[in-house]
>>> print(open('upload_3.cif').read())   # mmCIF, C-alpha atoms
data_model
#
loop_
_atom_site.label_atom_id
_atom_site.label_comp_id
_atom_site.auth_asym_id
_atom_site.auth_seq_id
_atom_site.Cartn_x
_atom_site.Cartn_y
_atom_site.Cartn_z
CA MET A 257 21.37 17.21 -49.17
CA PRO A 258 20.45 14.56 -51.76
CA ARG A 259 24.11 13.85 -52.49
CA TRP A 260 24.83 13.42 -48.80
CA ALA A 261 21.82 11.17 -48.44
CA LEU A 262 22.89 8.97 -51.34
CA LEU A 263 26.37 8.56 -49.94
CA TRP A 264 24.92 7.74 -46.57
CA ALA A 265 22.52 5.25 -48.10
CA ALA A 266 25.32 3.51 -49.98
CA MET A 267 27.26 3.11 -46.74
CA ALA A 268 24.19 1.76 -45.01
CA VAL A 269 23.70 -0.81 -47.76
CA VAL A 270 27.25 -2.07 -47.39
CA LEU A 271 26.87 -2.39 -43.63
CA LEU A 272 23.43 -3.97 -43.72
CA SER A 273 24.13 -6.54 -46.38
CA ALA A 274 27.27 -7.87 -44.73
CA GLY A 275 26.68 -11.43 -43.62
CA CYS A 276 23.10 -11.57 -44.80
CA SER A 277 23.47 -14.18 -47.49
CA SER A 278 24.71 -17.02 -45.26
CA GLN A 279 22.06 -16.08 -42.71
CA GLY A 280 19.49 -16.22 -45.49
CA ARG A 281 20.48 -19.74 -46.49
CA LEU A 282 20.31 -20.91 -42.88
CA ALA A 283 16.88 -19.34 -42.40
CA LYS A 284 15.58 -20.88 -45.59
CA ALA A 285 16.80 -24.36 -44.67
CA ALA A 286 15.23 -24.12 -41.20
CA LEU A 287 11.93 -22.85 -42.60
CA LEU A 288 11.85 -25.61 -45.22
CA GLU A 289 12.42 -28.22 -42.54
CA LYS A 290 9.76 -26.77 -40.26
CA SER A 291 7.22 -26.50 -43.07
CA GLU A 292 8.07 -30.00 -44.38
CA GLY A 293 7.68 -28.44 -47.80
CA ARG A 294 3.97 -27.81 -47.28
CA PRO A 295 2.50 -24.34 -47.65
CA VAL A 296 0.40 -23.08 -44.75
CA GLU A 297 -2.01 -20.17 -44.95
CA LEU A 298 -4.73 -19.09 -42.54
CA THR A 299 -7.11 -18.08 -45.31
CA GLY A 300 -9.96 -17.48 -42.86
CA THR A 301 -8.12 -14.59 -41.22
CA PRO A 302 -10.15 -11.43 -41.88
CA PHE A 303 -8.70 -8.45 -43.69
CA HIS A 304 -9.15 -4.73 -43.16
CA ALA A 305 -7.69 -2.45 -45.79
CA GLN A 306 -5.81 0.18 -43.84
CA THR A 307 -6.77 3.81 -44.13
CA THR A 308 -4.15 6.52 -43.48
CA ASP A 309 -2.02 5.77 -40.39
CA GLN A 310 -4.42 3.04 -39.30
CA CYS A 311 -2.25 -0.06 -39.68
CA GLY A 312 -2.23 -0.57 -35.88
CA PRO A 313 -6.01 -0.67 -35.46
CA ALA A 314 -6.42 -2.66 -38.71
CA ALA A 315 -3.84 -5.28 -37.71
CA LEU A 316 -5.12 -5.58 -34.15
CA ALA A 317 -8.74 -5.90 -35.30
CA THR A 318 -7.58 -8.68 -37.63
CA VAL A 319 -5.99 -10.82 -34.92
CA LEU A 320 -8.77 -10.12 -32.40
CA GLU A 321 -11.38 -11.22 -34.92
CA ALA A 322 -9.34 -14.31 -35.71
CA ALA A 323 -9.55 -15.06 -31.95
CA GLY A 324 -13.35 -14.81 -32.09
CA ILE A 325 -13.98 -11.19 -31.03
CA GLU A 326 -16.48 -9.14 -33.00
CA THR A 327 -14.89 -5.80 -33.66
CA ASP A 328 -13.62 -3.47 -36.39
CA PRO A 329 -10.69 -1.07 -36.86
CA GLU A 330 -12.79 2.01 -35.94
CA THR A 331 -13.67 0.53 -32.54
CA ILE A 332 -10.04 -0.47 -31.98
CA ALA A 333 -8.74 2.94 -33.07
CA ALA A 334 -10.44 4.56 -30.07
CA GLN A 335 -8.38 2.24 -27.89
CA VAL A 336 -4.97 2.47 -29.52
CA TYR A 337 -4.61 5.30 -32.03
CA ILE A 338 -2.68 8.45 -31.06
CA PRO A 339 -3.46 11.26 -33.53
CA ALA A 340 -0.35 13.36 -32.84
CA ARG A 341 1.90 10.32 -33.33
CA HIS A 342 0.02 9.30 -36.48
CA GLY A 343 0.06 5.77 -35.21
CA SER A 344 -0.30 3.27 -32.40
CA LEU A 345 2.12 2.06 -29.73
CA GLN A 346 2.95 -1.58 -29.06
CA ILE A 347 2.12 -1.22 -25.37
CA GLU A 348 -1.36 -0.02 -26.17
CA LEU A 349 -1.98 -2.88 -28.60
CA LEU A 350 -1.16 -5.29 -25.78
CA ALA A 351 -3.37 -3.39 -23.34
CA ALA A 352 -6.32 -3.33 -25.75
CA THR A 353 -5.98 -7.09 -26.27
CA ARG A 354 -6.17 -7.66 -22.52
CA ASN A 355 -9.24 -5.42 -22.42
CA TYR A 356 -11.07 -8.13 -24.36
CA GLY A 357 -10.04 -10.75 -21.80
CA LEU A 358 -7.53 -12.24 -24.24
CA LEU A 359 -3.89 -13.07 -23.67
CA PRO A 360 -1.32 -11.27 -25.85
CA TYR A 361 1.70 -13.57 -26.05
CA PRO A 362 5.01 -12.20 -27.42
CA VAL A 363 6.45 -14.73 -29.88
CA GLU A 364 10.08 -15.76 -29.78
CA PRO A 365 12.05 -13.61 -32.18
CA ASP A 366 12.78 -16.10 -34.94
CA LEU A 367 11.13 -17.12 -38.18
CA VAL A 368 10.81 -20.81 -37.33
CA THR A 369 8.79 -20.07 -34.18
CA LEU A 370 6.73 -17.58 -36.17
CA LEU A 371 5.96 -20.32 -38.69
CA GLY A 372 5.07 -22.67 -35.82
CA GLU A 373 2.46 -20.20 -34.59
CA ILE A 374 0.88 -20.01 -38.02
CA GLN A 375 0.90 -23.80 -38.27
CA SER A 376 -0.99 -23.99 -34.97
CA GLY A 377 -3.59 -21.59 -36.36
CA HIS A 378 -2.45 -18.30 -34.84
CA PRO A 379 -1.91 -15.32 -37.14
CA VAL A 380 0.96 -13.20 -35.83
CA LEU A 381 0.71 -9.45 -35.39
CA VAL A 382 4.15 -8.03 -36.18
CA LEU A 383 5.82 -4.65 -36.10
CA GLN A 384 8.06 -3.95 -39.07
CA ASN A 385 10.44 -1.15 -39.79
CA LEU A 386 10.05 -0.63 -43.52
CA GLY A 387 12.69 2.08 -43.51
CA ILE A 388 16.07 1.80 -41.85
CA GLY A 389 17.34 2.17 -38.32
CA MET A 390 17.90 5.91 -38.31
CA LEU A 391 14.95 6.74 -40.53
CA PRO A 392 12.35 4.30 -39.30
CA ILE A 393 9.00 3.75 -40.96
CA TRP A 394 6.98 1.67 -38.56
CA HIS A 395 4.28 -0.60 -39.84
CA TYR A 396 2.03 -3.23 -38.29
CA ALA A 397 1.00 -6.24 -40.34
CA VAL A 398 -0.36 -9.72 -39.71
CA VAL A 399 1.56 -12.77 -40.89
CA VAL A 400 -0.93 -15.45 -41.98
CA GLY A 401 1.05 -17.89 -44.10
CA TYR A 402 4.28 -19.29 -45.47
CA LEU A 403 4.93 -20.67 -48.95
CA PRO A 404 8.00 -22.96 -48.95
CA GLN A 405 8.22 -23.25 -52.76
CA SER A 406 8.90 -19.55 -53.14
CA ASN A 407 10.22 -19.05 -49.57
CA GLN A 408 7.70 -16.25 -49.00
CA PHE A 409 5.57 -15.15 -46.09
CA VAL A 410 1.94 -14.14 -46.65
CA LEU A 411 0.88 -10.96 -44.86
CA ARG A 412 -2.30 -9.00 -44.36
CA SER A 413 -0.65 -5.64 -44.81
CA GLY A 414 -1.77 -2.11 -45.60
CA LYS A 415 -3.98 -2.20 -48.65
CA TYR A 416 -3.07 -5.78 -49.52
CA ARG A 417 -5.10 -8.76 -48.43
CA ARG A 418 -2.44 -11.18 -49.59
CA HIS A 419 0.95 -9.53 -49.59
CA LEU A 420 3.80 -11.92 -50.48
CA VAL A 421 7.22 -11.07 -49.04
CA PRO A 422 10.43 -13.08 -49.47
CA ALA A 423 11.37 -14.60 -46.10
CA LEU A 424 14.71 -12.88 -45.75
CA LYS A 425 13.28 -9.50 -46.75
CA PHE A 426 10.53 -9.92 -44.20
CA PHE A 427 13.04 -10.92 -41.56
CA ARG A 428 15.10 -7.78 -42.17
CA THR A 429 12.12 -5.48 -41.77
CA TRP A 430 11.03 -7.43 -38.70
CA ARG A 431 14.47 -7.42 -37.12
CA ARG A 432 14.72 -3.67 -37.58
CA ALA A 433 11.65 -3.48 -35.34
CA ASP A 434 13.30 -5.64 -32.65
CA THR A 435 11.52 -8.75 -34.00
CA TRP A 436 8.40 -7.78 -32.08
CA GLY A 437 5.39 -9.96 -32.67
CA VAL A 438 2.39 -11.20 -30.70
CA VAL A 439 -0.26 -13.83 -31.01
CA VAL A 440 -3.64 -13.48 -29.34
CA LEU A 441 -4.47 -16.51 -27.21
CA THR A 442 -7.80 -17.38 -25.68
CA PRO A 443 -7.27 -18.03 -21.94
CA GLY A 444 -7.55 -21.77 -21.37
CA GLU A 445 -6.33 -22.86 -24.80
CA SER A 446 -3.28 -25.09 -25.03
CA LEU A 447 0.06 -23.39 -24.49
CA ALA A 448 2.12 -26.19 -26.01
CA GLY A 449 5.34 -25.14 -27.70
CA ARG A 450 5.58 -21.79 -25.97
CA ASN A 451 8.00 -20.42 -23.40
CA GLU A 452 6.65 -20.91 -19.88
CA GLU A 453 8.27 -17.82 -18.39
CA THR A 454 6.98 -15.59 -21.17
CA VAL A 455 3.51 -17.09 -20.83
CA VAL A 456 3.32 -16.64 -17.07
CA ALA A 457 4.63 -13.07 -17.28
CA ALA A 458 1.95 -12.31 -19.87
CA VAL A 459 -0.75 -13.88 -17.70
CA ALA A 460 0.47 -11.93 -14.68
CA ASN A 461 -0.15 -8.74 -16.68
CA LEU A 462 -3.66 -9.93 -17.43
CA GLU A 463 -4.14 -10.53 -13.72
CA ALA A 464 -2.65 -7.12 -12.85
CA VAL A 465 -5.22 -5.20 -14.88
CA GLY A 466 -8.14 -6.97 -13.25
CA GLN A 467 -8.88 -9.65 -15.87
CA THR A 468 -8.91 -12.20 -13.08
CA VAL A 469 -11.25 -14.78 -14.60
CA ALA A 470 -9.24 -14.80 -17.82
CA ALA A 471 -5.98 -14.99 -15.85
CA ALA A 472 -7.21 -17.96 -13.80
CA ALA A 473 -8.13 -19.84 -16.98
CA ALA A 474 -4.76 -19.07 -18.54
CA TYR A 475 -2.85 -20.13 -15.40
CA GLN A 476 -4.86 -23.35 -15.41
CA ALA A 477 -3.68 -24.03 -18.97
CA ALA A 478 -0.13 -23.13 -17.88
CA VAL A 479 -0.03 -25.66 -15.03
CA ARG A 480 -1.49 -28.27 -17.38
CA GLU A 481 1.37 -27.62 -19.79
CA TRP A 482 4.14 -27.17 -17.19
CA PRO A 483 3.05 -28.98 -13.99
CA GLY A 484 6.54 -28.52 -12.53
CA TYR A 485 6.63 -24.74 -12.91
CA ALA A 486 6.05 -23.28 -9.44
CA THR A 487 5.39 -19.70 -10.56
CA ALA A 488 2.45 -20.82 -12.69
CA TRP A 489 0.92 -22.54 -9.64
CA LEU A 490 1.50 -19.43 -7.55
CA GLY A 491 -0.31 -17.36 -10.15
CA LEU A 492 -3.15 -19.87 -10.25
CA GLY A 493 -3.39 -19.67 -6.47
CA ASN A 494 -3.46 -15.87 -6.49
CA ALA A 495 -6.06 -15.64 -9.25
CA ASN A 496 -8.29 -18.18 -7.51
CA TYR A 497 -7.84 -16.37 -4.21
CA ALA A 498 -8.89 -13.09 -5.85
CA LEU A 499 -11.97 -14.87 -7.18
CA GLY A 500 -12.84 -16.21 -3.72
CA ARG A 501 -12.20 -19.83 -4.75
CA LEU A 502 -10.35 -20.58 -1.54
CA PRO A 503 -10.05 -24.38 -1.74
CA LEU A 504 -8.63 -24.13 -5.26
CA ALA A 505 -6.24 -21.41 -4.13
CA GLU A 506 -5.08 -23.59 -1.25
CA GLN A 507 -4.45 -26.55 -3.55
CA ALA A 508 -2.37 -24.38 -5.85
CA TYR A 509 -0.25 -22.93 -3.02
CA GLN A 510 0.27 -26.43 -1.60
CA ARG A 511 1.54 -27.46 -5.02
CA VAL A 512 4.05 -24.60 -4.96
CA ARG A 513 5.18 -25.86 -1.58
CA VAL A 514 5.80 -29.32 -2.99
CA LEU A 515 7.78 -27.91 -5.92
CA ASP A 516 9.63 -25.17 -4.05
CA ALA A 517 9.51 -25.70 -0.28
CA GLY A 518 11.18 -22.37 0.56
CA ASN A 519 8.82 -20.16 -1.44
CA VAL A 520 8.01 -17.46 1.09
CA ILE A 521 5.30 -15.83 -1.04
CA ALA A 522 3.39 -19.08 -1.44
CA LEU A 523 3.67 -19.79 2.30
CA ASN A 524 2.45 -16.30 3.17
CA ASN A 525 -0.50 -16.56 0.84
CA LEU A 526 -1.28 -20.10 1.93
CA ALA A 527 -1.44 -18.87 5.52
CA LEU A 528 -3.96 -16.20 4.48
CA VAL A 529 -6.16 -18.78 2.77
CA GLN A 530 -5.98 -21.09 5.78
CA ALA A 531 -6.99 -18.21 8.03
CA ASP A 532 -9.83 -17.26 5.69
CA LEU A 533 -11.01 -20.86 5.85
CA GLY A 534 -11.09 -20.54 9.64
CA ARG A 535 -7.97 -22.62 10.35
CA VAL A 536 -6.07 -19.96 12.27
CA VAL A 537 -3.74 -22.22 14.23
CA GLU A 538 -2.64 -23.95 11.04
CA ALA A 539 -2.25 -20.55 9.39
CA LEU A 540 0.09 -19.36 12.12
CA GLU A 541 2.13 -22.57 11.78
CA THR A 542 2.51 -21.78 8.06
CA ILE A 543 3.60 -18.24 8.92
CA LYS A 544 6.20 -19.68 11.26
CA THR A 545 7.59 -21.77 8.40
CA ALA A 546 7.55 -18.73 6.14
CA LEU A 547 9.52 -16.70 8.68
CA SER A 548 12.08 -19.46 9.06
CA GLU A 549 12.52 -19.52 5.30
CA ALA A 550 12.83 -15.74 4.89
CA GLU A 551 16.31 -14.33 5.41
CA ALA A 552 16.53 -11.50 7.92
CA SER A 553 17.36 -9.15 5.06
CA ASP A 554 14.52 -10.42 2.90
CA ALA A 555 12.13 -7.62 1.98
CA LEU A 556 9.35 -10.19 2.07
CA ARG A 557 9.89 -10.76 5.76
CA GLY A 558 8.11 -7.54 6.59
CA LEU A 559 5.11 -8.60 4.57
CA VAL A 560 5.00 -11.99 6.30
CA LEU A 561 5.09 -10.25 9.69
CA GLN A 562 2.20 -8.05 8.58
CA THR A 563 0.29 -11.13 7.54
CA ARG A 564 0.95 -12.68 10.95
CA THR A 565 -0.36 -9.57 12.69
CA GLU A 566 -3.46 -9.64 10.54
CA ILE A 567 -4.11 -13.32 11.21
CA ARG A 568 -3.56 -12.86 14.94
CA HIS A 569 -6.12 -10.07 14.96
CA ARG A 570 -8.71 -12.49 13.71
CA ARG A 571 -8.19 -14.61 16.80
CA PRO A 572 -6.22 -12.73 19.45
CA ASP A 573 -5.68 -15.79 21.67
CA ALA A 574 -3.80 -17.69 19.00
CA GLY A 575 -0.19 -16.79 19.75
CA ILE A 576 2.87 -18.62 18.51
CA MET B 12 8.62 17.78 -18.45
CA HIS B 13 10.00 20.24 -15.93
CA ASN B 14 6.66 20.32 -14.21
CA LEU B 15 6.79 16.57 -14.01
CA ARG B 16 10.07 16.66 -12.10
CA VAL B 17 8.73 19.19 -9.67
CA GLN B 18 5.75 16.97 -9.03
CA ARG B 19 8.01 13.97 -8.51
CA PHE B 20 10.16 15.86 -6.07
CA ALA B 21 7.11 17.09 -4.20
CA ALA B 22 5.85 13.54 -4.02
CA LEU B 23 9.17 12.39 -2.64
CA LEU B 24 9.13 15.11 0.02
CA VAL B 25 5.61 14.19 1.05
CA THR B 26 6.59 10.55 1.29
CA LEU B 27 9.65 11.28 3.35
CA SER B 28 7.73 13.44 5.76
CA LEU B 29 5.10 10.73 6.05
CA THR B 30 7.54 7.97 6.87
CA GLY B 31 9.90 10.05 8.96
CA MET B 32 13.52 10.77 8.19
CA SER B 33 14.83 8.91 11.24
CA VAL B 34 15.00 5.68 9.31
CA LEU B 35 17.59 7.17 7.00
CA GLN B 36 19.81 8.51 9.76
CA PRO B 37 21.34 5.79 11.90
CA ALA B 38 22.93 7.21 15.07
CA ALA B 39 26.30 5.66 14.35
CA ALA B 40 27.84 2.98 12.21
CA ALA B 41 25.75 -0.02 13.11
CA ILE B 42 23.68 -2.65 11.47
CA ILE B 43 20.28 -1.45 10.34
CA SER B 44 17.64 -2.97 12.53
CA THR B 45 15.06 -5.29 11.08
CA ARG B 46 12.41 -2.77 11.93
CA ALA B 47 14.19 -0.10 9.89
CA ALA B 48 14.62 -2.49 7.00
CA ILE B 49 10.91 -3.09 7.01
CA GLU B 50 10.17 0.59 7.11
CA LEU B 51 12.59 1.21 4.29
CA GLY B 52 10.77 -1.38 2.23
CA GLN B 53 7.47 0.27 2.97
CA ARG B 54 8.84 3.68 2.16
CA GLN B 55 10.05 2.47 -1.24
CA ALA B 56 6.67 0.90 -1.86
CA ARG B 57 4.97 4.19 -1.06
CA ILE B 58 7.26 6.16 -3.33
CA ASP B 59 6.56 3.68 -6.12
CA HIS B 60 2.88 4.01 -5.49
CA ILE B 61 2.91 7.79 -5.57
CA ASN B 62 4.99 7.77 -8.75
CA GLN B 63 2.51 5.42 -10.35
CA VAL B 64 -0.40 7.63 -9.42
CA LEU B 65 1.44 10.59 -10.93
CA ALA B 66 2.35 8.57 -14.01
CA ARG B 67 -1.28 7.65 -14.48
CA ASP B 68 -2.31 11.31 -14.60
CA GLU B 69 0.65 12.29 -16.74
CA VAL B 70 0.11 9.57 -19.30
CA ARG B 71 -3.57 10.44 -19.49
CA ASP B 72 -2.73 14.11 -20.01
CA MET B 73 -0.14 13.22 -22.64
CA LEU B 74 -2.66 11.11 -24.55
CA VAL B 75 -5.24 13.89 -24.43
CA GLY B 76 -2.55 16.36 -25.49
CA MET B 77 -1.83 14.12 -28.47
CA GLY B 78 -5.42 14.25 -29.61
CA VAL B 79 -6.99 11.24 -27.87
CA ASP B 80 -10.55 11.69 -26.65
CA PRO B 81 -10.43 12.32 -22.84
CA ASP B 82 -12.86 9.50 -22.03
CA ASP B 83 -10.95 7.08 -24.23
CA ALA B 84 -7.69 8.18 -22.61
CA SER B 85 -9.07 7.39 -19.14
CA SER B 86 -10.15 3.90 -20.06
CA ARG B 87 -6.93 3.29 -21.98
CA ILE B 88 -4.67 3.98 -19.01
CA ASN B 89 -6.77 1.63 -16.89
CA SER B 90 -5.74 -1.35 -18.99
CA LEU B 91 -2.02 -0.67 -18.59
CA THR B 92 0.16 -2.42 -16.04
CA ASP B 93 2.32 -0.28 -13.77
CA GLU B 94 5.43 -1.10 -15.80
CA GLU B 95 3.70 -0.13 -19.03
CA LEU B 96 2.49 3.12 -17.49
CA MET B 97 6.01 3.99 -16.42
CA ALA B 98 7.35 3.14 -19.87
CA LEU B 99 4.80 5.40 -21.55
CA ASP B 100 5.36 8.11 -18.98
CA GLN B 101 9.07 8.15 -19.71
CA ASP B 102 9.10 7.70 -23.43
CA MET B 103 5.76 8.17 -25.15
CA LYS B 104 7.16 10.63 -27.67
CA ASN B 105 9.94 8.30 -28.81
CA LEU B 106 8.45 4.81 -28.73
CA PRO B 107 7.82 3.36 -32.19
CA ALA B 108 4.42 4.32 -33.55
CA SER B 109 3.14 3.04 -36.84
CA GLY B 110 2.47 5.61 -39.52
CA THR B 111 4.76 8.18 -41.09
CA GLY B 112 6.59 10.94 -39.25
CA GLY B 113 6.94 14.64 -39.97
CA LEU B 114 6.90 15.93 -43.54
CA GLU B 115 10.41 17.31 -43.30
CA VAL B 116 12.02 13.87 -43.12
CA ILE B 117 9.86 12.37 -45.84
CA SER B 118 11.90 13.72 -48.74
CA ILE B 119 15.18 12.43 -47.32
CA VAL B 120 13.56 9.13 -46.50
CA ALA B 121 12.18 8.84 -50.01
CA ILE B 122 15.58 9.28 -51.64
CA VAL B 123 17.27 6.84 -49.29
CA LEU B 124 14.47 4.33 -49.70
CA ILE B 125 14.51 4.42 -53.47
CA VAL B 126 18.17 3.46 -53.37
CA LEU B 127 17.69 0.79 -50.72
CA GLU B 128 14.61 -0.54 -52.43
CA LEU B 129 16.45 -0.90 -55.73
CA LEU B 130 19.12 -2.85 -53.88
CA HIS B 131 16.43 -5.03 -52.21
CA VAL B 132 17.39 -4.05 -48.68
CA THR B 133 14.01 -2.61 -47.76
CA ASN B 134 10.43 -3.38 -48.64
CA PHE B 135 8.66 -0.06 -48.46
CA PHE B 136 7.15 0.59 -51.86
CA ASN B 137 5.41 -2.75 -52.06
CA GLU B 138 3.40 -1.76 -48.99
CA PHE B 139 1.67 1.41 -50.06
#
>>> encode(input="upload_3.cif", output="structure tokens")
Amino acid sequence: MPRWALLWAAMAVVLLSAGCSSQGRLAKAALLEKSEGRPVELTGTPFHAQTTDQCGPAALATVLEAAGIETDPETIAAQVYIPARHGSLQIELLAATRNYGLLPYPVEPDLVTLLGEIQSGHPVLVLQNLGIGMLPIWHYAVVVGYLPQSNQFVLRSGKYRRHLVPALKFFRTWRRADTWGVVVLTPGESLAGRNEETVVAAVANLEAVGQTVAAAAAYQAAVREWPGYATAWLGLGNANYALGRLPLAEQAYQRVRVLDAGNVIALNNLALVQADLGRVVEALETIKTALSEAEASDALRGLVLQTRTEIRHRRPDAGI
Amino acid sequence: MHNLRVQRFAALLVTLSLTGMSVLQPAAAAIISTRAAIELGQRQARIDHINQVLARDEVRDMLVGMGVDPDDASSRINSLTDEELMALDQDMKNLPASGTGGLEVISIVAIVLIVLELLHVTNFFNEF
């Protein structure tokens, strides 16, 4: 068995190292440019030495505390640790973050963006595969700094408060874990420099699990950052509607209409708000527009018709 | 897992009997009426809903079966989106989890890692 394993390992090395050196030079140049030669390190980021199997809870507690939550790995373990798996799943780390009313945002899978997050004060929770593809050893750590002189990243990792890893070596372990990383954002904080679709999808998840106040604040920040992005306005409208802030919901839906006149969902929801505000005739006009925009085959059409029925029931004499 | 499929199938049967099979059996080759299209949409929505309810119970049971406190398991599934629930339901045993695996693979891993580590491909021994 050992002989077979050695042979196999040697083959793996040949395959894995192919093409890495030029990639490494490119990555280093890009990181140097982004850092402008200045080291960055979020020294205030807390540290929890990991006990057996507890890198998930330790890493998550670290980034939650950095975002202002008072917690510790033991509390987090009850929310994410799975004894039989001797570890924690990514999905549950995201879910636990949302539980605190915070927004887990998946970072773009490249080192320069990762560095950008650290520069803007956000430690990045990453999954690494410290083994290899077929024999994975999963590990969560928190990236808190980058040192351009030595081209190293600084991690809170395992037992080490300040673990220095060469950039390319880090990238390999990160890439073998699908370059998965998240930052924890406080709803309402600036979203500058991030991907609008990723942000809005993340906020929609927050909304879906009932963190409506947090979602509304995050959508508000999203429309501030991307005023031309209709989906963010739609989300803002829906969150405000769920919170009973009808005038704000109406404004948001109207904005969607300006940006994307044929948006059937926005029209449908706008009609509901108008009806709730007692403007039934106007609401039915909006429904009419929605129906003219929805193709006959559109699955949404059925929902719009249901909405119409519901609105008509509120005032039976108001036919179209 | 087998039990899961039986449950799914039962759920599907219940859904079909609720919505009525007529929708699925047009009398002859003809366009599907708008009404039918709507009902089809609703039927799919109901199947999705029933699957999600089942997934919720299954994921909770899986977590408890894997040693999670039952109360914790209940609150944990409540903070998952439907997509996340489905993902866990389908693949909880295989998704990456931090921490080491079974003892039997450790010795092989160790040998491979020593070689890779010496060649600076991996970064395992610096971590522990």
>>> closest_residue(input="upload_3.cif", among="A:Thr542, A:Asn355, A:Thr435, A:Asn496", to="chain B", atoms="all atoms listed in the file")
A:Asn355
>>> atom_distance(input="upload_3.cif", atom1="CA of Ser85 (chain B)", atom2="CA of Ala495 (chain A)")
25.2 Å
>>> atom_distance(input="upload_3.cif", atom1="CA of Val380 (chain A)", atom2="CA of Gly437 (chain A)")
6.3 Å
>>> interface_residues(input="upload_3.cif", of="chain A", to="chain B", cutoff="8 Å", atoms="all atoms listed in the file", output="ChimeraX atom specification")
/A:258,261-262,265-266,269,272-273,308-312,334-348,351-352,354-355,386-388,391,393-396,413-416,425-426,428-429,461,464-465,552-553,555,557-558
>>> atom_distance(input="upload_3.cif", atom1="CA of Ala473 (chain A)", atom2="CA of Thr442 (chain A)")
9.0 Å
>>> residues_around(input="upload_3.cif", residues="region 524-530 of chain A", least_positions_apart="5", cutoff="7 Å", atoms="only C-alpha atoms", output="number ranges by chain")
A: 502, 506, 509, 535-536, 538-540, 542-543, 546, 560
>>> resolve_selection(input="upload_3.cif", expression="the PyMOL selection byres ((chain A and resi 460) around 10)", output="VMD selection string")
(chain A and resid 454 to 459 461 to 465 467 to 468 471 to 472 474 to 475 488 491 to 492 494 to 495) or (chain B and resid 92)
>>> resolve_selection(input="upload_3.cif", expression="the PyMOL selection byres ((chain A and resi 364-367) around 8)", output="PyMOL selection string")
chain A and resi 283+287+362-363+368-371+427+435-437
>>> closest_residue(input="upload_3.cif", among="A:Pro404, A:Arg570, A:Pro392, A:Gly357", to="Val296 (chain A)", atoms="all atoms listed in the file")
A:Pro404
